[in-house]
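Asker: Handing over input-v8.txt, compact mmCIF, C-alpha atoms and all ligand atoms.
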```
# COMPACT_ATOMS: atom_id res chain seq x y z
CA MET A 51 0.00 0.00 0.00
CA LEU A 52 1.07 3.56 -0.61
CA TYR A 53 0.76 6.39 1.86
CA GLN A 54 2.13 9.35 -0.09
CA ARG A 55 -0.65 11.76 0.75
CA SER A 56 -0.68 10.71 4.43
CA SER A 57 3.07 11.33 4.58
CA SER A 58 2.82 14.80 3.11
CA LEU A 59 -0.15 15.71 5.32
CA PHE A 60 1.83 14.54 8.33
CA ALA A 61 4.81 16.68 7.32
CA ALA A 62 2.50 19.70 7.08
CA ALA A 63 0.88 18.88 10.44
CA GLU A 64 4.28 18.66 12.13
CA GLN A 65 4.90 22.30 11.20
CA VAL A 66 1.96 23.55 13.23
CA ILE A 67 1.00 20.85 15.78
CA PRO A 68 3.54 19.35 18.25
CA GLY A 69 4.55 16.02 16.72
CA GLY A 70 1.83 16.50 14.11
CA VAL A 71 -0.86 15.03 16.36
CA ASN A 72 -3.31 16.09 19.04
CA SER A 73 -2.80 12.91 21.11
CA PRO A 74 0.65 11.26 21.28
CA VAL A 75 -0.08 7.59 20.46
CA ARG A 76 -1.41 8.62 17.03
CA ALA A 77 2.11 9.60 15.95
CA PHE A 78 3.30 5.97 15.41
CA LYS A 79 6.28 6.52 17.75
CA GLY A 80 5.74 3.03 19.16
CA VAL A 81 5.95 1.31 15.78
CA GLY A 82 7.95 3.64 13.55
CA GLY A 83 6.83 5.16 10.25
CA THR A 84 4.35 7.97 9.81
CA PRO A 85 0.68 7.94 10.74
CA ILE A 86 -2.17 7.37 8.33
CA PHE A 87 -4.56 10.23 7.71
CA VAL A 88 -8.14 9.10 7.53
CA GLU A 89 -10.66 10.65 5.19
CA ARG A 90 -13.85 8.86 6.22
CA ALA A 91 -15.07 5.65 7.76
CA LYS A 92 -18.14 3.46 7.51
CA GLY A 93 -19.01 0.35 9.49
CA ALA A 94 -15.88 -1.70 10.10
CA TYR A 95 -13.75 0.15 7.54
CA LEU A 96 -11.49 3.19 7.44
CA TYR A 97 -10.76 4.91 4.13
CA ASP A 98 -7.52 6.88 4.15
CA VAL A 99 -6.49 9.91 2.10
CA ASP A 100 -4.53 7.69 -0.32
CA GLY A 101 -7.60 5.63 -1.16
CA ASN A 102 -6.67 2.58 0.94
CA ARG A 103 -9.37 0.65 2.78
CA LEU A 104 -8.44 -0.67 6.21
CA ILE A 105 -10.35 -3.04 8.52
CA ASP A 106 -10.44 -1.11 11.79
CA TYR A 107 -9.60 -2.81 15.09
CA ILE A 108 -9.24 0.41 17.09
CA ASN A 109 -12.57 2.05 16.39
CA SER A 110 -11.61 5.46 17.74
CA TRP A 111 -10.13 3.66 20.79
CA GLY A 112 -13.47 2.15 21.68
CA PRO A 113 -16.47 4.40 21.01
CA MET A 114 -17.45 2.92 17.62
CA ILE A 115 -18.75 -0.34 19.10
CA LEU A 116 -21.55 -0.41 16.49
CA GLY A 117 -19.30 0.68 13.62
CA HIS A 118 -18.30 4.00 12.09
CA ALA A 119 -20.88 6.54 10.92
CA TYR A 120 -23.62 4.54 12.63
CA GLU A 121 -26.74 6.05 11.14
CA PRO A 122 -28.93 6.64 14.24
CA VAL A 123 -26.02 8.53 15.86
CA VAL A 124 -25.24 10.56 12.73
CA ASP A 125 -28.92 11.43 12.20
CA ALA A 126 -29.35 12.47 15.85
CA VAL A 127 -26.34 14.78 15.66
CA ILE A 128 -27.44 16.38 12.39
CA SER A 129 -30.96 17.11 13.55
CA LYS A 130 -29.73 18.53 16.89
CA ALA A 131 -27.12 20.72 15.19
CA LYS A 132 -29.84 22.52 13.26
CA LEU A 133 -31.37 23.67 16.56
CA GLY A 134 -28.16 25.28 17.82
CA THR A 135 -24.94 23.68 18.97
CA SER A 136 -24.42 24.98 22.51
CA PHE A 137 -26.40 27.07 24.98
CA GLY A 138 -24.77 26.87 28.39
CA MET A 139 -28.30 26.32 29.70
CA PRO A 140 -30.14 23.13 30.70
CA THR A 141 -31.70 21.01 27.95
CA GLU A 142 -34.18 18.15 28.22
CA ILE A 143 -31.92 15.69 26.43
CA GLU A 144 -29.48 15.78 29.38
CA THR A 145 -32.20 14.28 31.61
CA GLN A 146 -33.07 11.73 28.93
CA ILE A 147 -29.53 10.39 28.57
CA ALA A 148 -28.95 10.54 32.35
CA SER A 149 -32.10 8.47 32.99
CA LEU A 150 -31.21 5.91 30.35
CA ALA A 151 -27.59 5.63 31.49
CA LEU A 152 -28.65 5.20 35.13
CA SER A 153 -31.10 2.46 34.13
CA MET A 154 -28.10 0.57 32.69
CA ILE A 155 -25.40 1.38 35.29
CA PRO A 156 -25.64 -0.65 38.51
CA ASN A 157 -25.41 0.99 41.93
CA ALA A 158 -25.75 4.65 40.91
CA ASP A 159 -28.50 7.20 41.58
CA LYS A 160 -27.06 10.21 39.79
CA ILE A 161 -24.68 10.93 36.93
CA ARG A 162 -22.78 14.07 35.90
CA PHE A 163 -21.67 14.54 32.28
CA VAL A 164 -18.29 16.01 31.33
CA ASN A 165 -16.29 16.22 28.08
CA SER A 166 -13.74 13.40 28.32
CA GLY A 167 -12.64 10.35 30.27
CA THR A 168 -9.82 12.44 31.72
CA GLU A 169 -12.30 14.90 33.18
CA ALA A 170 -14.47 12.09 34.53
CA CYS A 171 -11.58 10.48 36.44
CA MET A 172 -10.15 13.80 37.61
CA SER A 173 -13.55 14.85 38.95
CA ALA A 174 -14.19 11.43 40.53
CA ILE A 175 -11.07 11.61 42.70
CA ARG A 176 -11.83 15.20 43.73
CA LEU A 177 -15.29 14.03 44.75
CA ALA A 178 -13.82 11.04 46.63
CA ARG A 179 -11.39 13.33 48.45
CA GLY A 180 -14.14 15.81 49.32
CA PHE A 181 -16.47 13.05 50.47
CA THR A 182 -13.92 11.25 52.68
CA GLY A 183 -11.90 14.26 53.77
CA ARG A 184 -8.73 12.35 52.86
CA ALA A 185 -5.94 13.26 50.44
CA LYS A 186 -4.35 10.11 49.05
CA ILE A 187 -5.45 7.80 46.27
CA VAL A 188 -4.22 4.36 45.20
CA LYS A 189 -3.72 3.63 41.51
CA PHE A 190 -2.17 0.67 39.73
CA ALA A 191 0.93 0.65 37.55
CA GLY A 192 -0.10 0.33 33.92
CA CYS A 193 -3.63 1.61 34.47
CA TYR A 194 -4.49 4.82 32.59
CA HIS A 195 -7.02 7.27 33.92
CA GLY A 196 -6.44 10.16 31.56
CA HIS A 197 -3.77 12.83 31.70
CA SER A 198 -4.65 14.84 34.79
CA ASP A 199 -1.68 15.41 37.13
CA SER A 200 -2.61 12.93 39.86
CA PHE A 201 -2.57 10.00 37.45
CA LEU A 202 0.75 10.56 35.67
CA ILE A 203 2.63 8.73 38.36
CA GLN A 204 4.99 5.79 38.31
CA ALA A 205 6.86 4.05 41.13
CA GLY A 206 10.26 5.52 41.91
CA SER A 207 12.80 2.83 42.75
CA GLY A 208 12.42 1.81 46.34
CA ALA A 209 9.56 4.25 46.87
CA ILE A 210 6.67 2.12 47.87
CA THR A 211 4.60 4.77 49.58
CA PHE A 212 5.37 7.86 47.51
CA GLY A 213 4.92 8.12 43.79
CA THR A 214 7.26 10.13 41.62
CA PRO A 215 5.86 12.01 38.65
CA ASN A 216 6.62 10.48 35.26
CA SER A 217 5.94 13.66 33.35
CA PRO A 218 7.75 16.95 33.91
CA GLY A 219 5.16 19.50 34.99
CA VAL A 220 3.58 17.23 37.59
CA THR A 221 4.77 18.50 40.95
CA GLN A 222 6.19 16.33 43.71
CA GLY A 223 3.43 17.73 45.93
CA THR A 224 0.78 16.23 43.67
CA ALA A 225 2.69 13.01 43.12
CA GLN A 226 3.05 12.26 46.82
CA ASP A 227 -0.70 11.87 47.16
CA THR A 228 -0.82 9.13 44.52
CA LEU A 229 0.19 5.73 45.86
CA LEU A 230 1.15 3.08 43.38
CA ALA A 231 0.18 -0.61 43.62
CA ASP A 232 0.52 -3.57 41.27
CA PHE A 233 -2.50 -4.78 39.30
CA ASN A 234 -3.73 -8.20 40.44
CA ASP A 235 -1.63 -7.96 43.61
CA LEU A 236 -3.81 -7.42 46.69
CA ASP A 237 -0.82 -7.52 49.03
CA SER A 238 0.66 -4.45 47.36
CA VAL A 239 -2.62 -2.65 48.11
CA LYS A 240 -2.82 -3.87 51.70
CA LYS A 241 0.71 -2.59 52.39
CA LEU A 242 -0.25 0.89 51.20
CA PHE A 243 -3.29 0.94 53.47
CA GLU A 244 -1.16 -0.19 56.44
CA ALA A 245 1.45 2.49 55.77
CA ASN A 246 -1.15 5.27 55.32
CA PRO A 247 -3.84 4.73 57.96
CA ASN A 248 -6.98 6.86 57.52
CA GLN A 249 -5.37 8.81 54.68
CA ILE A 250 -6.58 6.99 51.57
CA ALA A 251 -9.68 8.51 49.97
CA ALA A 252 -10.05 5.95 47.19
CA ILE A 253 -8.68 3.17 45.06
CA ILE A 254 -9.09 3.86 41.36
CA VAL A 255 -8.79 0.91 39.00
CA GLU A 256 -9.57 -0.17 35.47
CA PRO A 257 -11.55 -3.24 36.56
CA VAL A 258 -10.55 -4.98 33.34
CA ALA A 259 -7.33 -3.20 32.44
CA GLY A 260 -7.11 -2.10 28.83
CA ASN A 261 -4.19 0.29 28.66
CA MET A 262 -1.38 -2.28 28.97
CA GLY A 263 -3.05 -4.57 26.48
CA CYS A 264 -6.11 -6.30 27.87
CA VAL A 265 -5.38 -7.58 31.38
CA PRO A 266 -8.30 -9.29 33.12
CA PRO A 267 -8.57 -9.23 36.91
CA LEU A 268 -7.52 -12.51 38.51
CA ALA A 269 -10.18 -14.33 40.55
CA GLY A 270 -10.74 -12.48 43.81
CA PHE A 271 -8.82 -9.31 42.90
CA LEU A 272 -11.80 -6.98 42.48
CA GLU A 273 -13.60 -8.59 45.44
CA GLY A 274 -10.44 -7.99 47.49
CA LEU A 275 -10.33 -4.31 46.51
CA ARG A 276 -13.98 -3.98 47.46
CA ALA A 277 -13.33 -5.54 50.86
CA ILE A 278 -10.27 -3.36 51.55
CA CYS A 279 -12.18 -0.18 50.69
CA THR A 280 -15.13 -1.18 52.84
CA ALA A 281 -12.88 -2.05 55.78
CA HIS A 282 -11.01 1.29 55.58
CA ASN A 283 -13.95 3.56 54.72
CA SER A 284 -12.30 4.39 51.41
CA LEU A 285 -14.17 4.60 48.12
CA LEU A 286 -13.72 2.14 45.27
CA ILE A 287 -13.66 3.94 41.92
CA PHE A 288 -14.11 1.84 38.80
CA ASP A 289 -12.69 3.59 35.77
CA GLU A 290 -15.04 2.09 33.19
CA VAL A 291 -14.13 4.63 30.50
CA MET A 292 -13.10 1.71 28.30
CA THR A 293 -15.24 -1.13 29.68
CA GLY A 294 -18.50 0.75 30.31
CA PHE A 295 -21.24 -0.11 27.78
CA ARG A 296 -18.65 -2.36 26.07
CA LEU A 297 -18.31 -5.51 28.20
CA ALA A 298 -21.95 -5.42 29.28
CA ALA A 299 -24.73 -2.82 29.40
CA GLY A 300 -23.79 -2.34 33.05
CA GLY A 301 -20.03 -2.67 32.48
CA VAL A 302 -17.73 -4.64 34.76
CA GLN A 303 -19.92 -4.00 37.80
CA GLU A 304 -22.58 -6.09 36.07
CA LEU A 305 -20.19 -8.58 34.47
CA TYR A 306 -18.44 -9.54 37.73
CA ASN A 307 -21.21 -8.45 40.12
CA ILE A 308 -19.07 -6.05 42.15
CA LYS A 309 -20.24 -2.71 43.47
CA ALA A 310 -18.05 0.32 42.95
CA ASP A 311 -18.72 3.54 44.84
CA ILE A 312 -18.02 5.85 41.91
CA THR A 313 -17.92 4.78 38.26
CA CYS A 314 -16.28 6.76 35.44
CA PHE A 315 -17.32 6.66 31.80
CA GLY A 316 -16.13 7.92 28.44
CA LYS A 317 -15.64 6.49 24.95
CA VAL A 318 -18.84 4.50 24.13
CA ILE A 319 -21.08 6.77 26.23
CA GLY A 320 -20.49 9.61 23.76
CA GLY A 321 -21.09 7.62 20.58
CA GLY A 322 -17.95 9.20 19.09
CA LEU A 323 -18.43 12.74 20.38
CA PRO A 324 -16.41 14.16 23.31
CA VAL A 325 -18.26 12.88 26.38
CA GLY A 326 -17.29 11.56 29.78
CA ALA A 327 -19.38 11.00 32.90
CA PHE A 328 -19.18 9.83 36.47
CA ALA A 329 -21.92 8.27 38.54
CA ALA A 330 -22.50 7.22 42.15
CA ARG A 331 -25.19 6.88 44.78
CA ASN A 332 -26.95 9.99 46.11
CA GLU A 333 -24.95 10.12 49.32
CA ILE A 334 -21.78 10.71 47.29
CA MET A 335 -23.14 12.70 44.33
CA ASN A 336 -24.83 15.15 46.70
CA PHE A 337 -21.34 16.37 47.62
CA LEU A 338 -21.07 17.92 44.15
CA ALA A 339 -21.76 21.58 43.42
CA PRO A 340 -24.31 23.11 43.28
CA VAL A 341 -25.82 20.79 45.92
CA GLY A 342 -22.60 20.20 47.84
CA PRO A 343 -19.17 21.77 48.33
CA VAL A 344 -17.05 19.89 45.76
CA TYR A 345 -16.69 22.11 42.71
CA GLN A 346 -16.91 20.73 39.17
CA ALA A 347 -18.13 22.51 36.03
CA GLY A 348 -17.89 22.78 32.24
CA THR A 349 -18.93 25.32 29.60
CA LEU A 350 -19.63 22.56 27.08
CA SER A 351 -20.65 19.82 29.54
CA GLY A 352 -23.93 18.22 28.48
CA ASN A 353 -23.49 19.73 25.02
CA PRO A 354 -26.59 18.97 22.93
CA LEU A 355 -24.73 17.38 20.00
CA ALA A 356 -22.71 15.18 22.35
CA MET A 357 -25.81 14.23 24.34
CA ALA A 358 -27.70 13.42 21.12
CA ALA A 359 -24.91 11.11 19.96
CA GLY A 360 -24.65 9.47 23.37
CA LEU A 361 -28.40 9.03 23.71
CA ALA A 362 -28.67 7.42 20.27
CA MET A 363 -25.77 5.11 21.13
CA LEU A 364 -27.10 4.04 24.53
CA THR A 365 -30.59 3.60 23.06
CA ALA A 366 -29.20 1.25 20.42
CA ILE A 367 -27.19 -0.69 23.01
CA SER A 368 -29.98 -1.01 25.54
CA SER A 369 -32.54 -2.15 22.98
CA ASP A 370 -30.30 -4.81 21.41
CA LYS A 371 -30.50 -7.76 23.78
CA THR A 372 -28.02 -9.94 21.87
CA LEU A 373 -25.36 -7.29 21.18
CA PHE A 374 -22.91 -8.33 23.89
CA ALA A 375 -23.31 -12.04 23.13
CA ARG A 376 -22.67 -11.29 19.43
CA LEU A 377 -19.58 -9.22 20.21
CA ASP A 378 -18.29 -11.95 22.49
CA GLU A 379 -18.82 -14.61 19.81
CA LYS A 380 -17.06 -12.57 17.14
CA THR A 381 -14.12 -11.80 19.37
CA ALA A 382 -13.89 -15.41 20.55
CA TYR A 383 -13.84 -16.48 16.88
CA LEU A 384 -10.99 -14.06 16.24
CA GLU A 385 -9.14 -15.28 19.32
CA VAL A 386 -9.37 -18.94 18.29
CA GLY A 387 -8.37 -18.06 14.74
CA ILE A 388 -5.28 -16.10 15.84
CA ARG A 389 -4.35 -18.81 18.32
CA ASN A 390 -4.53 -21.52 15.64
CA VAL A 391 -2.39 -19.46 13.29
CA LEU A 392 0.26 -18.54 15.87
CA ASN A 393 0.45 -22.13 17.10
CA LYS A 394 1.83 -23.11 13.68
CA TYR A 395 4.92 -20.99 14.34
CA THR A 396 7.58 -20.90 17.05
CA LEU A 397 6.89 -17.31 18.09
CA PRO A 398 6.05 -17.07 21.81
CA PHE A 399 2.68 -15.43 22.38
CA THR A 400 -0.07 -14.79 24.91
CA ILE A 401 -3.60 -13.70 24.00
CA ASN A 402 -5.75 -11.98 26.61
CA ARG A 403 -9.43 -11.38 26.08
CA VAL A 404 -12.55 -10.28 27.92
CA GLY A 405 -15.64 -9.90 25.73
CA SER A 406 -14.83 -7.55 22.85
CA MET A 407 -11.44 -6.47 24.26
CA ILE A 408 -8.52 -8.58 23.06
CA SER A 409 -4.73 -8.21 22.91
CA VAL A 410 -1.88 -10.27 21.47
CA HIS A 411 1.38 -10.16 23.46
CA PHE A 412 4.61 -11.57 22.02
CA SER A 413 5.62 -13.04 25.33
CA GLU A 414 5.69 -16.52 26.83
CA GLN A 415 4.54 -15.77 30.34
CA PRO A 416 0.97 -14.90 31.30
CA VAL A 417 0.32 -11.14 31.14
CA ILE A 418 -1.26 -10.22 34.46
CA ASP A 419 0.20 -6.79 35.31
CA PHE A 420 2.39 -3.97 33.98
CA ALA A 421 5.67 -5.84 34.52
CA THR A 422 4.52 -8.86 32.53
CA ALA A 423 2.90 -6.65 29.87
CA LYS A 424 6.25 -4.90 29.39
CA ALA A 425 8.01 -8.24 28.88
CA GLY A 426 6.50 -8.56 25.38
CA ASP A 427 8.83 -8.40 22.35
CA ASN A 428 8.36 -4.92 20.91
CA GLU A 429 10.46 -5.50 17.81
CA THR A 430 8.22 -8.39 16.79
CA PHE A 431 5.17 -6.26 17.49
CA LYS A 432 6.43 -3.48 15.20
CA LYS A 433 6.85 -5.92 12.31
CA PHE A 434 3.48 -7.48 13.08
CA PHE A 435 1.82 -4.05 13.06
CA HIS A 436 3.36 -2.93 9.76
CA GLY A 437 2.73 -6.31 8.16
CA LEU A 438 -0.96 -6.13 9.06
CA LEU A 439 -1.18 -2.54 7.90
CA ASN A 440 0.18 -3.61 4.56
CA GLU A 441 -2.57 -6.25 4.41
CA GLY A 442 -5.21 -3.58 5.09
CA VAL A 443 -5.74 -4.44 8.75
CA TYR A 444 -5.40 -1.56 11.21
CA ILE A 445 -4.55 -2.42 14.82
CA ALA A 446 -3.37 0.09 17.44
CA PRO A 447 0.14 1.44 16.77
CA SER A 448 1.41 0.31 20.18
CA ALA A 449 2.02 -3.04 21.84
CA TYR A 450 0.24 -1.77 24.96
CA GLU A 451 -3.17 -1.26 23.42
CA THR A 452 -6.25 -3.39 23.36
CA TRP A 453 -8.05 -4.18 20.10
CA PHE A 454 -11.67 -3.01 20.22
CA ILE A 455 -14.02 -5.26 18.31
CA THR A 456 -17.00 -3.63 16.61
CA ASP A 457 -20.29 -5.28 15.81
CA ALA A 458 -19.90 -4.01 12.24
CA LEU A 459 -17.21 -6.65 11.60
CA THR A 460 -18.45 -9.60 9.57
CA TYR A 461 -17.13 -13.15 9.82
CA GLU A 462 -15.60 -12.57 6.37
CA ASP A 463 -13.66 -9.62 7.83
CA LEU A 464 -12.51 -11.81 10.71
CA ASP A 465 -11.47 -14.63 8.35
CA PHE A 466 -9.57 -12.15 6.21
CA THR A 467 -7.83 -10.80 9.32
CA ILE A 468 -6.86 -14.28 10.51
CA SER A 469 -5.43 -15.20 7.11
CA ALA A 470 -3.60 -11.85 6.97
CA ILE A 471 -2.04 -12.64 10.34
CA ASP A 472 -0.94 -16.00 8.95
CA ARG A 473 0.74 -14.33 5.97
CA VAL A 474 2.43 -11.72 8.18
CA VAL A 475 3.68 -14.09 10.88
CA ALA A 476 5.09 -16.41 8.19
CA THR A 477 7.52 -13.59 7.31
CA LEU A 478 8.61 -12.76 10.88
C1 LIG B 1 -9.33 6.51 27.36
C2 LIG B 1 -9.31 6.34 28.83
C3 LIG B 1 -9.31 7.44 29.70
C4 LIG B 1 -9.18 8.85 29.23
O1 LIG B 1 -10.25 9.25 28.46
P1 LIG B 1 -10.07 10.51 27.46
O2 LIG B 1 -11.42 10.68 26.88
O3 LIG B 1 -9.01 10.12 26.50
O4 LIG B 1 -9.66 11.67 28.29
C5 LIG B 1 -9.41 7.20 31.06
N1 LIG B 1 -9.49 5.94 31.53
C6 LIG B 1 -9.48 4.87 30.72
C7 LIG B 1 -9.59 3.51 31.31
C8 LIG B 1 -9.35 5.04 29.36
O5 LIG B 1 -9.29 3.94 28.56
```
Go ahead and render the structure in this file as structure tokens.

Answerer:
Amino acid sequence: MLYQRSSSLFAAAEQVIPGGVNSPVRAFKGVGGTPIFVERAKGAYLYDVDGNRLIDYINSWGPMILGHAYEPVVDAVISKAKLGTSFGMPTEIETQIASLALSMIPNADKIRFVNSGTEACMSAIRLARGFTGRAKIVKFAGCYHGHSDSFLIQAGSGAITFGTPNSPGVTQGTAQDTLLADFNDLDSVKKLFEANPNQIAAIIVEPVAGNMGCVPPLAGFLEGLRAICTAHNSLLIFDEVMTGFRLAAGGVQELYNIKADITCFGKVIGGGLPVGAFAARNEIMNFLAPVGPVYQAGTLSGNPLAMAAGLAMLTAISSDKTLFARLDEKTAYLEVGIRNVLNKYTLPFTINRVGSMISVHFSEQPVIDFATAKAGDNETFKKFFHGLLNEGVYIAPSAYETWFITDALTYEDLDFTISAIDRVVATL
């Protein structure tokens, strides 16, 4: 395939946008080469500016669970746009989407809409801190909760109780309130609670991790977090920005029957427009302004176009009783197909999957946390990525990303993908 026009558009973008992109992973730094500029998309396919068609396994990093340019969403946005695109005043559609979302989300009485997953997580920890009167939070290495300061933290060597910032610009003062634990390791969490008595406001976790590849919780891990939070009067925050409305209508809380205190959303909830949200029971949500003292606001929050897209998306999801079973079947079919292909070769590999989230790791050992996710062979991944791209199959340009399966994929698309993987791996 040729990417001449993409390359020249990227060169032009680099002149005026840092790195040519508005979000770093798009720049192909993890795999080399230059990014592909997309012109349009429909269903399971992307069409780039050079006229190539690609089968899409990223789907805007999750939102396009029903395929690109899904007509009910597009129609809802167009008809709303004609009535005005922003008012900074209440609109009825905000109540409609809130009611529908709350009918799907377990264990929540109220929901507040924001403009991104980052905002949702940032606001959720402020709320947890305001509610508990405590300063510290626990997060897990390899879990991503957006780019607000408190979350850009990594363990410094030997520092078990204090995080060190892993981005310049995040102050030590902020970093010291973020405690870092290991995913799937309850002991690492217990130690933090012992070392910081009555100081931890909340644990925030991706209940099925998706930002180090797909890493499912081991049996008992989420239950253990729930029990620790309950015992210490801390809040359990599920960051379901990726998993919400994707793994089940009620997300991981429904899938594994675990109650979080605050749940964060993004991606699917906006149907492809910039939307995030967080939800909890009344007792907690009543701490938010204007009812309570914890401030949180947004000029474009609850924007009518975004709400129209989200409402059309959630309506489609809630009225389709076989959607999640269908997605699971398609992704299982892909998993088995990839497994059968890779088994023909000597390449070490691990495939992780929960529902329509799946990741292929070029590593022998089970991938259960950030350390084991990092053990994958990046050089092999780069060749795998570019090989698939050349076959017209677009997976995320990073070894640490989950593939997001869309219902628009047909079994022919999946068969084509599996045979493309066979052709690519044969050359590795
Ligand atoms: C994508 C993501 C975020 C951040 O959402 P943005 O809309 O990119 O700000 C937060 N948490 C998780 C789990 C995510 O996957």

Asker: Could you list, as a PDB file with C-alpha atoms, in the frame of the given file, all protein and nucleic acid residues with an atom at most 6 Å from ligand LIG 1 (chain B), counting only C-alpha atoms and all ligand atoms?

Answerer:
```
ATOM      1  CA  SER A 166     -13.740  13.400  28.320  1.00  0.00           C
ATOM      2  CA  GLY A 167     -12.640  10.350  30.270  1.00  0.00           C
ATOM      3  CA  THR A 168      -9.820  12.440  31.720  1.00  0.00           C
ATOM      4  CA  TYR A 194      -4.490   4.820  32.590  1.00  0.00           C
ATOM      5  CA  HIS A 195      -7.020   7.270  33.920  1.00  0.00           C
ATOM      6  CA  GLY A 196      -6.440  10.160  31.560  1.00  0.00           C
ATOM      7  CA  GLU A 256      -9.570  -0.170  35.470  1.00  0.00           C
ATOM      8  CA  ASP A 289     -12.690   3.590  35.770  1.00  0.00           C
ATOM      9  CA  GLU A 290     -15.040   2.090  33.190  1.00  0.00           C
ATOM     10  CA  VAL A 291     -14.130   4.630  30.500  1.00  0.00           C
ATOM     11  CA  MET A 292     -13.100   1.710  28.300  1.00  0.00           C
ATOM     12  CA  GLY A 316     -16.130   7.920  28.440  1.00  0.00           C
TER      13      GLY A 316
END
```

Asker: Taking 6 positions as the minimum chain separation for residues in the same chain, which residues sit within 7 Å of segment 113-118 of chain A when counting all atoms listed in the file? Answer as an mmCIF file with C-alpha atoms, in the frame of the given file.

Answerer:
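Written out: around.cif:
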```cif
data_model
loop_
_atom_site.group_PDB
_atom_site.id
_atom_site.type_symbol
_atom_site.label_atom_id
_atom_site.label_comp_id
_atom_site.auth_asym_id
_atom_site.auth_seq_id
_atom_site.Cartn_x
_atom_site.Cartn_y
_atom_site.Cartn_z
ATOM 1 C CA ALA A 91 -15.070 5.650 7.760
ATOM 2 C CA LYS A 92 -18.140 3.460 7.510
ATOM 3 C CA GLY A 93 -19.010 0.350 9.490
ATOM 4 C CA ALA A 94 -15.880 -1.700 10.100
ATOM 5 C CA LYS A 317 -15.640 6.490 24.950
ATOM 6 C CA VAL A 318 -18.840 4.500 24.130
ATOM 7 C CA GLY A 321 -21.090 7.620 20.580
ATOM 8 C CA GLY A 322 -17.950 9.200 19.090
ATOM 9 C CA ILE A 455 -14.020 -5.260 18.310
ATOM 10 C CA THR A 456 -17.000 -3.630 16.610
ATOM 11 C CA ASP A 457 -20.290 -5.280 15.810
ATOM 12 C CA ALA A 458 -19.900 -4.010 12.240
#
```

Asker: Could you pull the residues within 12 Å of Glu441 of chain A, counting only C-alpha atoms, minus those fewer than 4 positions along the same chain, as a list in words?

Answerer: Met51, Leu52, Asn102, Arg103, Leu104, Ile105, Asp106, Phe434, Phe435, His436, Gly437, Ile445, Phe466, Thr467, Ile468, Ser469, Ala470, Ile471, Asp472, Arg473, Val474 and Val475 of chain A

Asker: As an exercise, work out the distance from atom CA of Gly270 of chain A to atom CA of Arg403 of chain A in Å and give it to one decimal place.

Answerer: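 Atom-to-atom, atom CA of Gly270 of chain A to atom CA of Arg403 of chain A, that is 17.8 Å.
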
Asker: Hey, what's within 12 Å of Thr280 of chain A if we count all atoms listed in the file and toss same-chain stuff fewer than 5 positions away? As an NGL selection string, please?

Answerer: :A and (250-253 or 273-275 or 285-286 or 309-311)

Asker: Considering only C-alpha atoms, can you say which of A:Ile161, A:Ala185, A:Leu323, A:Ile308 comes closest to Ala148 of chain A?

Answerer: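 Of the candidates, the smallest distance to Ala148 of chain A is held by A:Ile161.
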
Asker: What is the atom CA of Ile175 of chain A to atom CA of Ile319 of chain A distance in Å?

Answerer: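 Interatomic distance, atom CA of Ile175 of chain A to atom CA of Ile319 of chain A: 19.9 Å.
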
Asker: Can you list every residue of segment 131-190 of chain A that has an atom at most 10 Å from segment 281-284 of chain A, with its nearest atom pair and the distance in Å to one decimal, using only C-alpha atoms, ordered by chain then number, as CSV?

Answerer:
```
residue,atom,partner,partner_atom,distance
A:Ala178,CA,A:Ser284,CA,8.3
A:Arg179,CA,A:Ser284,CA,9.5
A:Phe181,CA,A:Ser284,CA,9.7
A:Thr182,CA,A:Ser284,CA,7.2
A:Arg184,CA,A:Ser284,CA,8.8
A:Ile187,CA,A:Ser284,CA,9.2
```

Asker: Measuring between only C-alpha atoms, which one of A:Val386, A:Ile108, A:Ala327, A:Leu350 shows the shortest distance to Thr135 of chain A?

Answerer: A:Leu350

Asker: Considering all atoms listed in the file, state which residue in the set A:Val127, A:Met154, A:Ala269, A:Leu377 is at the smallest distance from Phe295 of chain A.

Answerer: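 Closest to Phe295 of chain A, using all atoms listed in the file: A:Met154.
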
Asker: From the list A:Tyr444, A:Pro398, A:Tyr383, A:Ala170, which residue is nearest Asp465 of chain A when using only C-alpha atoms?

Answerer: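 Using only C-alpha atoms, Asp465 of chain A sits closest to A:Tyr383.
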
Asker: Got a sec: who's within 10 Å of segment 199-203 of chain A, counting all atoms listed in the file, leaving out chain neighbours fewer than 6 positions off, as a count of residues only?

Answerer: 32

Asker: Quick one: pull the distance between atom CA of Val325 of chain A and atom CA of Arg162 of chain A, Å, one decimal.

Answerer: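 Between these atoms lies a distance of 10.6 Å.
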
Asker: I want to know what sits within 10 Å of segment 77-79 of chain A, based on all atoms listed in the file, with residues of the same chain fewer than 4 positions away left out; could you give that as a list of chain:residue names?

Answerer: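 Answer for this query is A:Phe60, A:Gly69, A:Gly70, A:Val71, A:Asn72, A:Ser73, A:Gly83, A:Thr84, A:Pro85, A:Ile86, A:Lys432, A:Ala446, A:Pro447, A:Ser448.
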
Asker: Let me make sure I understand: among A:Asp100, A:Asn440, A:Leu464, A:Thr365, which one has the smallest atom-to-atom distance to Glu379 of chain A if we use all atoms listed in the file?

Answerer: A:Leu464
